[in-house]
Structures are given as C-alpha cells and as structure tokens.
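**Q** I have a structure I would like to understand better, so I am pasting it below and will then ask my questions one at a time.
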Amino acid sequence: MILQTDTQNSGTNVPTASQTVGPFFSIGMCQQRLSNLVPADLSTGTEVLTIRGRVLDGDGQGVPDAILEIWRADRNGNYTGAQNECDSSGVPGGFGRIPTNQRGEFEFQTVKPGSIVSNTGEVQAPHLAVLIFMRGLLKQLVTRIYFPQESDNECDAALKAVPAERRHTLIAAQPGSDKNELQWHVHLQGDSETVFFEA
Amino acid sequence: MMSAADDRLQTGSTTFFPVHSRLTAMPTSSRGRRQDPMSQLPIFQNIPPGTQPEYFHPPYRSSLKRAPTRPLVLLPQTLSERTGPVFGHAAVTTSDSDLTSQHAGPPGGERIVVNGRVLDEDGRPVSGALVEVWQANAAGRYKHKLDQHNAPLDPNFDGCGRMITDADGRYRFTSIKPGAYPWGNHHNAWRPAHIHFSLFGAGLLSRLVTQMYFPGDPLLEFDPIYNCVSDEKAKLRLISWFDWEHTSPEFALGYRFDIVLRGRIATPMEK
C-alpha cells in the first residue's frame, strides 16, 4: 500500500523507539542558550545558585558532546512551566538546556525550587529533574539533583528508593564557603557511578 | 514568510492543518487537559519489552564507555515526571518549518515534505508539542564544526527546523532529503539517510529523541543504531512512508512519519 491512513486513532499504541541525539544535536537543540533558569521577575535578595560539574565517561574522560535538560518547580514548588507560563521566546519557566564544553564541563544558574507537595500530601524535597542526552546513548538518562543540608531529603520517596550508599551521587556538593556555588558531577560508569532512574 | 510553493501545497491537501492559521488562531486553551492540576496529568505504563533500546549496545561502539553499568533505580512517578515543559508559540516562526527557505537561494538536493501526527499511547493527538528536527545536507554533511566528512557544505542549508503540533497533533516541514554519510563505528560504516527528531510531550517521561529513516534504504540493514531494538515492528516504525497525498506535483516528494510518545491521559474513572 502506498498511502498510509490514520490507523492509529484508537487502542494502545507502542511508543516510538528512541535513537541517539548523535554528535551534532546543537544544530537542532541549541537555538537558544538556556543555561539560565533564573526568572526575569526575580525579587531582589533572592539567592541565585550556580551549579557546575562535568560529565565523565568510563575512562574518566570528559564527555564533550553531552547535553543536560533541567526541569524544575518554582520557589513555591509549582511547575508553572507546564501551564503555558513562558518567556518572550516561548521558553517555559523552569526549563533549561545546557550542552557540555570540550572538557565535558557544564554550568547553569537557577533559583532553588521549593519542596513539592502532591495532592495526597506527599512531600518531595527540593530537586531538579535532569535528562542527559549524548552521542553513544540510545536514549536519555534520567536523574535528579538534590540540595545539601536539606531536611526534606530524609523523607523524599525517590531518594529513599536509592540504596543509601549511592544517594550522595544525587546531592550537589558545596565545594567552598559560598552556599550558592554548588558542584554536581555525572559519572556514567565506575565506582562512583551516578544513580540513573527508570520510570 | 510562507512561499508561494507552500501555499500551493496546502491548498492541494485536504487533511493538513495550515501552519500559519494555526499560529494565529489556535486557542491557548488547546492543551487545557493539562491545565487542571493532578487529575488530568498523564500516567506512564511499562514499555513493551524490546521496543526501546538498552543503554549498553556493543554494536554501537560509543555506548561502551557511556552506558550505565549499575542497575537503574525505579523512580516513583511524581509531579516532576508527570509534568513537563510546554513551549509557547513564540518558540517557532513559520520559516522554521521550511528548511529550504532559510537562505538567499535554495539548497541542493531532492525537495521533500515531511508530515505526520504526534500521538499518545491511547492514540490521542498531542497538540502544542514542540518538535525540533536537524539533519545533514543532500551530500551527507552536517553544518557543524566537528563534522569532518569530505563532502561539500551547502551555503543555502542549515539543516534545522522547529514546529509546534496543531490541535490534531500534526506537524509538517519542507526540507531536502539528507545524504548518507560514513562514520567510524566499524569498517566501511555508513549511516542511512535520516532526520533527527526531538519532541516534548505531556510529561517529562514523554520526552523523546529519535531518528526518521527513509523507505527502501539499503543501509538500514547494517546500521547498529537503527537495529538497536529487538522488536521488528518497533524498528519498522522508525521508517517513514512515501506519502502520495502530501507529494506536491512539480515540487516535492511527501513522506509521512507518525510518532507515539509515552503516556496517556488518565480518565476520571482512573483517578
């Protein structure tokens, strides 16, 4: 048959298979620099966090062709970017996209999201949902960044699902005295391999 | 701006929802299903075995040092996964959906019109979804500083497009058919002609990056990326169909590529 008709209008459809972004994703996915997740209408005095890190492969080499996507709630724990709240470029609030540089390094700015309370009262600790794409990965990695010294980390269901000895891979570190300068590395393999989720 | 050729295409089509009228007339409440917090958020079921790739896929050499080696941790589906970014219409312009009109002259190669629908697992259209595409030029060369393939760049072709699906989940763009190109994965390795697609759906877990292939390409059989899933039907769904209905006389060949994103909208019964 030459013509394909709309046969997929009912019933259960199988999701299309994922394929790698390849090495040249910046042509299609980096039209705008989206490394700033700080709202334009930020009130004065609100703290802006800078999160830096590297994506490292199984040999400990920086991955120069990876891209992170960040999805976060606002400071009140609401996902406003899911409700058509966009900036003048059409980019929803709380979404970021950060490619790594030649050394595998990334850096972005954000406000700290609030704790998220579901309609059944479950509390999630403040966190950033992270998707990671790169050449060599046939589908994205799913992970999260949590914050240090955060009391809600103790009751967070996703963190509790992680073996205790690996939880530290999901919590950003504070390498210096400035609590707004955080560090979070992605170890794709090895002893300190980052926790990746399936869902 | 829409070209005269585009207008001719649209009047010749009975099913396509024109991009320019959608951009001005589509109500902002078209995704209203998602604006009711929680109750109308998508739910995500297990993926049928063999229909998605594994991270570790030895025939694809680059996966060896990059695929996770430890077991994945099962993530409870929270608001963070059941919501996702919704882009505004300001994210795209009409010229973003015509990759042949982004420069002073036309790019070399065989003109094509690619169209399709974006659906959820229940077959419902995913409207308002951002679709990003990128591709090599007709000679098989990407406009990227790291692409060293000895084939000519085309000064009239960037290979980048963006669209937002209409109320029926449809997208459409005009381009040229990309060329095959060699890569270093194994001896005499060539990628089949393909167009990269990136899509945002109803929730973060709907996020999909994939590749569209062309029917009858002899390179598909040998490509470790195309062959990364074991389910034969899942592979075949990555191949577009020659689409007579959207083939425009004297202008361009039509191809159809429908995409299914993870997730389905819960009905009130399921709450």
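Please note that chains go A, B, ... in the order of the structure tokens, that every chain numbers its residues from 1, and that ligands are numbered from 1 in the order shown.
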Please produce, as CSV, a per-residue contact table for region 77-150 of chain B versus region 128-143 of chain A (criterion: any atom at most 12 Å away, only C-alpha atoms considered), showing the nearest atom pair and its distance in Å to one decimal, sorted by chain then residue number.
**A**
residue,atom,partner,partner_atom,distance
B:Gln77,CA,A:Ala129,CA,11.8
B:Thr78,CA,A:Ala129,CA,10.7
B:Leu79,CA,A:Ala129,CA,10.4
B:Ser80,CA,A:Ala129,CA,6.7
B:Glu81,CA,A:Ala129,CA,7.9
B:Arg82,CA,A:Ala129,CA,11.3
B:Thr83,CA,A:Ala129,CA,10.8
B:Gly84,CA,A:Ala129,CA,10.1
B:Pro85,CA,A:Ala129,CA,11.6
**Q** Could you give me, as a PyMOL selection string, each residue of region 42-255 of chain B that DSSP assigns to strand (DSSP E) when run on this structure's backbone?
**A** chain B and resi 42-43+73-74+111-119+130-135+160-164+170-176+181-183+189-191+194-199+208-213+241-242+253-255
**Q** Do you know which residues are at most 9 Å from Tyr255 (chain B) counting only C-alpha atoms, after dropping those on the same chain fewer than 4 positions away, and could you put them as a ChimeraX atom specification?
**A** /B:112-116,214,240-244,246-247
**Q** Deliver the residues from the most recent selection as a file, using N, CA and C atoms, as a PDB file, in the first residue's frame.
**A**
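See again.pdb below for the written result:
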ATOM      1  N   ILE B 112      11.725  17.587  -0.230  1.00  0.00           N
ATOM      2  CA  ILE B 112      10.760  16.692   0.413  1.00  0.00           C
ATOM      3  C   ILE B 112       9.849  17.496   1.334  1.00  0.00           C
ATOM      4  N   VAL B 113       8.675  16.934   1.569  1.00  0.00           N
ATOM      5  CA  VAL B 113       7.759  17.462   2.579  1.00  0.00           C
ATOM      6  C   VAL B 113       7.514  16.326   3.566  1.00  0.00           C
ATOM      7  N   VAL B 114       7.875  16.553   4.808  1.00  0.00           N
ATOM      8  CA  VAL B 114       7.681  15.529   5.833  1.00  0.00           C
ATOM      9  C   VAL B 114       6.515  15.960   6.703  1.00  0.00           C
ATOM     10  N   ASN B 115       5.595  15.045   6.937  1.00  0.00           N
ATOM     11  CA  ASN B 115       4.455  15.379   7.792  1.00  0.00           C
ATOM     12  C   ASN B 115       4.074  14.167   8.609  1.00  0.00           C
ATOM     13  N   GLY B 116       3.322  14.403   9.655  1.00  0.00           N
ATOM     14  CA  GLY B 116       2.874  13.282  10.469  1.00  0.00           C
ATOM     15  C   GLY B 116       2.090  13.761  11.657  1.00  0.00           C
ATOM     16  N   PHE B 214      14.267   6.568   5.782  1.00  0.00           N
ATOM     17  CA  PHE B 214      13.525   6.605   4.512  1.00  0.00           C
ATOM     18  C   PHE B 214      13.301   5.183   3.999  1.00  0.00           C
ATOM     19  N   SER B 240       9.903   6.198   7.631  1.00  0.00           N
ATOM     20  CA  SER B 240       8.782   6.975   7.117  1.00  0.00           C
ATOM     21  C   SER B 240       8.154   6.245   5.925  1.00  0.00           C
ATOM     22  N   TRP B 241       6.950   6.673   5.598  1.00  0.00           N
ATOM     23  CA  TRP B 241       6.248   6.131   4.431  1.00  0.00           C
ATOM     24  C   TRP B 241       6.310   7.151   3.310  1.00  0.00           C
ATOM     25  N   PHE B 242       6.452   6.650   2.071  1.00  0.00           N
ATOM     26  CA  PHE B 242       6.251   7.544   0.937  1.00  0.00           C
ATOM     27  C   PHE B 242       4.786   7.949   0.934  1.00  0.00           C
ATOM     28  N   ASP B 243       4.507   9.230   0.886  1.00  0.00           N
ATOM     29  CA  ASP B 243       3.168   9.761   1.105  1.00  0.00           C
ATOM     30  C   ASP B 243       2.695  10.479  -0.164  1.00  0.00           C
ATOM     31  N   TRP B 244       1.942   9.743  -0.943  1.00  0.00           N
ATOM     32  CA  TRP B 244       1.461  10.296  -2.212  1.00  0.00           C
ATOM     33  C   TRP B 244       0.583  11.521  -1.972  1.00  0.00           C
ATOM     34  N   HIS B 246       0.675  13.783   0.241  1.00  0.00           N
ATOM     35  CA  HIS B 246       1.412  15.019   0.535  1.00  0.00           C
ATOM     36  C   HIS B 246       2.536  15.266  -0.460  1.00  0.00           C
ATOM     37  N   THR B 247       2.654  14.421  -1.478  1.00  0.00           N
ATOM     38  CA  THR B 247       3.590  14.705  -2.554  1.00  0.00           C
ATOM     39  C   THR B 247       2.993  15.808  -3.413  1.00  0.00           C
TER      40      THR B 247
END
**Q** Of the candidates A:Arg75, A:His127, A:Arg103, A:Arg52, which one gets nearest to chain B if we count only C-alpha atoms?
**A**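 The answer is A:His127, which sits nearest to chain B.
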**Q** Calculate how many Å separate CA of Phe44 (chain B) from CA of Leu238 (chain B), rounding to one decimal.
**A**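 If I compute the distance from CA of Phe44 (chain B) to CA of Leu238 (chain B), I get 21.5 Å.
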**Q** Can you tell me which residues surround Pro49 (chain B) at a distance of at most 10 Å, considering only C-alpha atoms, apart from same-chain residues fewer than 4 positions away, and format the answer as a list in words?
**A**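 Listed by chain and then number, they are Pro53, Val229, Ser230 and Asp231 of chain B.
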**Q** So that I have them on file, write out the residues from the current selection with C-alpha atoms, as a JSON list (two decimals), in the first residue's frame.
**A**
[["chain", "number", "residue", "atom", "x", "y", "z"],
["B", 53, "PRO", "CA", 16.88, 0.33, 23.16],
["B", 229, "VAL", "CA", 15.81, -2.53, 19.30],
["B", 230, "SER", "CA", 14.95, -6.21, 19.02],
["B", 231, "ASP", "CA", 11.28, -5.77, 18.17]]
**Q** What's the 10 Å shell around Ser192 (chain A), counting only C-alpha atoms, without same-chain residues fewer than 4 positions away, as JSON, numbers by chain?
**A** {"A": [165, 166, 168, 169, 185, 186, 187, 188]}
**Q** Could the residues in this selection be written to a file with C-alpha atoms, as a short mmCIF file (atom, residue, chain, number, x, y, z; two decimals), in the first residue's frame?
**A**
data_model
loop_
_atom_site.label_atom_id
_atom_site.label_comp_id
_atom_site.auth_asym_id
_atom_site.auth_seq_id
_atom_site.Cartn_x
_atom_site.Cartn_y
_atom_site.Cartn_z
CA GLU A 165 25.46 4.23 49.83
CA ARG A 166 24.66 5.72 46.41
CA HIS A 168 25.33 11.04 47.62
CA THR A 169 25.64 10.87 43.82
CA HIS A 185 29.29 15.61 38.54
CA VAL A 186 27.84 12.94 36.30
CA HIS A 187 29.82 9.71 36.42
CA LEU A 188 28.48 7.49 33.65
#
**Q** Residues within 7 Å of Thr12 (chain A), please, as a PyMOL selection string. Count only C-alpha atoms; anything in the same chain fewer than 6 positions from it doesn't count.
**A** chain B and resi 121-123
**Q** Which residue out of B:Val131, B:Cys160, B:Met212, B:Leu236 has the minimum interatomic distance to chain A when only C-alpha atoms are used?
**A**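 Distance minimum relative to chain A lands on B:Cys160.
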**Q** Can you pull out the residues contacting Arg162 (chain B)? Cut-off 12 Å, using only C-alpha atoms, and skip same-chain residues under 6 positions away; I want them as a ChimeraX atom specification.
**A** /A:27-31 /B:19,87,89-99,129-134,171-175,196-200
**Q** If you keep N, CA and C atoms, can you produce a file of those selected residues as a short mmCIF file (atom, residue, chain, number, x, y, z; two decimals), in the first residue's frame?
**A**
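out-v5.cif written:
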data_model
loop_
_atom_site.label_atom_id
_atom_site.label_comp_id
_atom_site.auth_asym_id
_atom_site.auth_seq_id
_atom_site.Cartn_x
_atom_site.Cartn_y
_atom_site.Cartn_z
N ILE A 27 22.81 21.58 16.33
CA ILE A 27 22.14 22.20 15.17
C ILE A 27 20.65 22.38 15.47
N GLY A 28 20.05 21.36 16.08
CA GLY A 28 18.60 21.41 16.27
C GLY A 28 18.15 21.74 17.67
N MET A 29 19.01 21.51 18.66
CA MET A 29 18.58 21.63 20.06
C MET A 29 19.18 22.82 20.80
N CYS A 30 20.01 23.59 20.15
CA CYS A 30 20.67 24.69 20.87
C CYS A 30 20.45 26.02 20.17
N GLN A 31 19.24 26.23 19.67
CA GLN A 31 18.97 27.51 19.02
C GLN A 31 19.03 28.65 20.02
N VAL B 19 -0.07 25.71 8.89
CA VAL B 19 0.74 26.23 9.98
C VAL B 19 0.39 27.68 10.30
N PHE B 87 6.06 24.66 25.61
CA PHE B 87 6.62 25.82 24.92
C PHE B 87 5.52 26.69 24.33
N HIS B 89 4.07 29.56 21.52
CA HIS B 89 4.18 29.67 20.07
C HIS B 89 5.28 30.62 19.64
N ALA B 90 5.75 31.47 20.56
CA ALA B 90 6.87 32.34 20.23
C ALA B 90 8.15 31.55 19.99
N ALA B 91 8.15 30.27 20.36
CA ALA B 91 9.36 29.45 20.19
C ALA B 91 9.60 29.08 18.73
N VAL B 92 8.60 29.27 17.88
CA VAL B 92 8.78 28.91 16.46
C VAL B 92 8.26 30.03 15.57
N THR B 93 8.84 30.13 14.39
CA THR B 93 8.33 31.03 13.36
C THR B 93 7.98 30.17 12.14
N THR B 94 7.25 30.74 11.20
CA THR B 94 6.85 29.93 10.04
C THR B 94 8.07 29.50 9.23
N SER B 95 9.11 30.32 9.17
CA SER B 95 10.29 29.92 8.38
C SER B 95 11.01 28.74 9.03
N ASP B 96 10.75 28.49 10.31
CA ASP B 96 11.37 27.34 10.96
C ASP B 96 10.89 26.01 10.37
N SER B 97 9.75 26.02 9.68
CA SER B 97 9.24 24.76 9.14
C SER B 97 9.50 24.65 7.64
N ASP B 98 10.33 25.53 7.11
CA ASP B 98 10.76 25.38 5.72
C ASP B 98 12.28 25.50 5.66
N LEU B 99 12.96 24.37 5.68
CA LEU B 99 14.41 24.36 5.73
C LEU B 99 15.04 24.71 4.38
N ALA B 129 2.80 20.44 20.95
CA ALA B 129 4.10 19.84 21.29
C ALA B 129 5.20 20.46 20.43
N LEU B 130 6.30 20.81 21.06
CA LEU B 130 7.45 21.32 20.30
C LEU B 130 8.15 20.15 19.62
N VAL B 131 8.34 20.28 18.31
CA VAL B 131 9.07 19.29 17.51
C VAL B 131 10.28 20.00 16.93
N GLU B 132 11.47 19.48 17.22
CA GLU B 132 12.69 20.04 16.66
C GLU B 132 13.31 18.99 15.74
N VAL B 133 13.80 19.43 14.59
CA VAL B 133 14.44 18.50 13.65
C VAL B 133 15.80 19.05 13.23
N TRP B 134 16.73 18.14 12.95
CA TRP B 134 18.01 18.55 12.37
C TRP B 134 18.53 17.42 11.50
N TYR B 171 2.26 17.85 12.46
CA TYR B 171 3.38 18.73 12.15
C TYR B 171 3.68 18.56 10.67
N ARG B 172 4.45 19.47 10.12
CA ARG B 172 4.81 19.38 8.72
C ARG B 172 5.97 20.31 8.47
N PHE B 173 6.96 19.85 7.68
CA PHE B 173 8.03 20.77 7.27
C PHE B 173 8.55 20.39 5.90
N THR B 174 9.13 21.39 5.24
CA THR B 174 9.73 21.22 3.92
C THR B 174 11.24 21.18 4.08
N SER B 175 11.89 20.27 3.37
CA SER B 175 13.34 20.17 3.50
C SER B 175 13.91 19.56 2.22
N HIS B 196 16.93 13.75 12.41
CA HIS B 196 16.79 13.69 13.86
C HIS B 196 15.52 14.44 14.28
N PHE B 197 14.80 13.85 15.24
CA PHE B 197 13.60 14.47 15.81
C PHE B 197 13.75 14.56 17.33
N SER B 198 13.34 15.69 17.89
CA SER B 198 13.27 15.87 19.34
C SER B 198 11.87 16.36 19.67
N LEU B 199 11.21 15.71 20.64
CA LEU B 199 9.82 16.04 20.95
C LEU B 199 9.59 16.17 22.45
N PHE B 200 8.75 17.15 22.80
CA PHE B 200 8.29 17.31 24.18
C PHE B 200 6.81 16.97 24.22
#
**Q** Write down as a PyMOL selection string the residues of region 16-210 of chain B whose backbone DSSP state falls under helix (DSSP H, G or I).
**A** chain B and resi 19-25+28-34+61-63+79-82+89-91+94-97+204-206
**Q** Pull N, CA and C atoms from the residues just selected and write them as an mmCIF file, in the first residue's frame.
**A**
data_model
loop_
_atom_site.group_PDB
_atom_site.id
_atom_site.type_symbol
_atom_site.label_atom_id
_atom_site.label_comp_id
_atom_site.auth_asym_id
_atom_site.auth_seq_id
_atom_site.Cartn_x
_atom_site.Cartn_y
_atom_site.Cartn_z
ATOM 1 N N VAL B 19 -0.073 25.711 8.890
ATOM 2 C CA VAL B 19 0.741 26.228 9.979
ATOM 3 C C VAL B 19 0.393 27.678 10.302
ATOM 4 N N HIS B 20 0.256 28.498 9.242
ATOM 5 C CA HIS B 20 0.098 29.929 9.534
ATOM 6 C C HIS B 20 -1.224 30.235 10.221
ATOM 7 N N SER B 21 -2.284 29.519 9.853
ATOM 8 C CA SER B 21 -3.548 29.811 10.524
ATOM 9 C C SER B 21 -3.540 29.241 11.941
ATOM 10 N N ARG B 22 -2.835 28.127 12.115
ATOM 11 C CA ARG B 22 -2.747 27.575 13.464
ATOM 12 C C ARG B 22 -2.047 28.548 14.398
ATOM 13 N N LEU B 23 -0.976 29.165 13.882
ATOM 14 C CA LEU B 23 -0.201 30.034 14.751
ATOM 15 C C LEU B 23 -1.009 31.226 15.231
ATOM 16 N N THR B 24 -1.959 31.661 14.402
ATOM 17 C CA THR B 24 -2.708 32.838 14.815
ATOM 18 C C THR B 24 -4.036 32.462 15.464
ATOM 19 N N ALA B 25 -4.586 31.313 15.094
ATOM 20 C CA ALA B 25 -5.953 31.020 15.522
ATOM 21 C C ALA B 25 -6.044 29.993 16.641
ATOM 22 N N THR B 28 -5.206 29.343 23.189
ATOM 23 C CA THR B 28 -4.190 28.949 24.161
ATOM 24 C C THR B 28 -4.689 27.852 25.088
ATOM 25 N N SER B 29 -5.993 27.625 25.066
ATOM 26 C CA SER B 29 -6.525 26.582 25.934
ATOM 27 C C SER B 29 -6.515 25.220 25.254
ATOM 28 N N SER B 30 -5.811 25.117 24.099
ATOM 29 C CA SER B 30 -5.852 23.862 23.367
ATOM 30 C C SER B 30 -5.233 22.722 24.170
ATOM 31 N N ARG B 31 -4.415 23.041 25.139
ATOM 32 C CA ARG B 31 -3.868 21.977 25.978
ATOM 33 C C ARG B 31 -4.541 21.994 27.347
ATOM 34 N N GLY B 32 -5.765 22.418 27.345
ATOM 35 C CA GLY B 32 -6.467 22.598 28.604
ATOM 36 C C GLY B 32 -6.546 21.340 29.452
ATOM 37 N N ARG B 33 -6.469 20.187 28.772
ATOM 38 C CA ARG B 33 -6.460 18.930 29.513
ATOM 39 C C ARG B 33 -5.377 18.924 30.571
ATOM 40 N N ARG B 34 -4.287 19.640 30.267
ATOM 41 C CA ARG B 34 -3.165 19.578 31.182
ATOM 42 C C ARG B 34 -3.215 20.656 32.236
ATOM 43 N N ARG B 61 29.621 1.279 19.164
ATOM 44 C CA ARG B 61 30.828 1.327 19.992
ATOM 45 C C ARG B 61 30.810 2.443 21.026
ATOM 46 N N SER B 62 30.228 3.569 20.676
ATOM 47 C CA SER B 62 30.249 4.704 21.611
ATOM 48 C C SER B 62 29.470 4.418 22.891
ATOM 49 N N SER B 63 28.644 3.361 22.883
ATOM 50 C CA SER B 63 27.879 3.063 24.098
ATOM 51 C C SER B 63 28.749 2.387 25.161
ATOM 52 N N LEU B 79 5.025 14.480 40.509
ATOM 53 C CA LEU B 79 4.721 15.662 39.692
ATOM 54 C C LEU B 79 5.887 16.029 38.780
ATOM 55 N N SER B 80 7.104 15.734 39.221
ATOM 56 C CA SER B 80 8.280 16.106 38.425
ATOM 57 C C SER B 80 8.345 15.333 37.117
ATOM 58 N N GLU B 81 7.799 14.118 37.106
ATOM 59 C CA GLU B 81 7.797 13.306 35.884
ATOM 60 C C GLU B 81 6.492 13.446 35.111
ATOM 61 N N ARG B 82 5.410 13.749 35.822
ATOM 62 C CA ARG B 82 4.097 13.794 35.153
ATOM 63 C C ARG B 82 3.785 15.169 34.581
ATOM 64 N N HIS B 89 4.069 29.565 21.520
ATOM 65 C CA HIS B 89 4.182 29.665 20.068
ATOM 66 C C HIS B 89 5.283 30.618 19.636
ATOM 67 N N ALA B 90 5.750 31.466 20.564
ATOM 68 C CA ALA B 90 6.874 32.342 20.231
ATOM 69 C C ALA B 90 8.154 31.547 19.995
ATOM 70 N N ALA B 91 8.151 30.268 20.363
ATOM 71 C CA ALA B 91 9.356 29.446 20.192
ATOM 72 C C ALA B 91 9.604 29.084 18.729
ATOM 73 N N THR B 94 7.245 30.738 11.196
ATOM 74 C CA THR B 94 6.852 29.927 10.042
ATOM 75 C C THR B 94 8.068 29.496 9.226
ATOM 76 N N SER B 95 9.110 30.322 9.166
ATOM 77 C CA SER B 95 10.287 29.920 8.381
ATOM 78 C C SER B 95 11.005 28.741 9.025
ATOM 79 N N ASP B 96 10.749 28.491 10.306
ATOM 80 C CA ASP B 96 11.371 27.336 10.962
ATOM 81 C C ASP B 96 10.888 26.014 10.373
ATOM 82 N N SER B 97 9.748 26.020 9.682
ATOM 83 C CA SER B 97 9.237 24.765 9.140
ATOM 84 C C SER B 97 9.502 24.648 7.637
ATOM 85 N N LEU B 204 7.410 14.878 31.515
ATOM 86 C CA LEU B 204 8.850 14.720 31.299
ATOM 87 C C LEU B 204 9.178 13.318 30.766
ATOM 88 N N LEU B 205 8.393 12.324 31.195
ATOM 89 C CA LEU B 205 8.660 10.959 30.731
ATOM 90 C C LEU B 205 8.196 10.732 29.292
ATOM 91 N N SER B 206 7.505 11.705 28.715
ATOM 92 C CA SER B 206 7.134 11.613 27.298
ATOM 93 C C SER B 206 8.275 12.043 26.384
#
**Q** Could you jot down the CA of Phe257 (chain B) to CA of Asn185 (chain B) separation for me, Å, one decimal place?
**A**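 So the answer is 26.9 Å.
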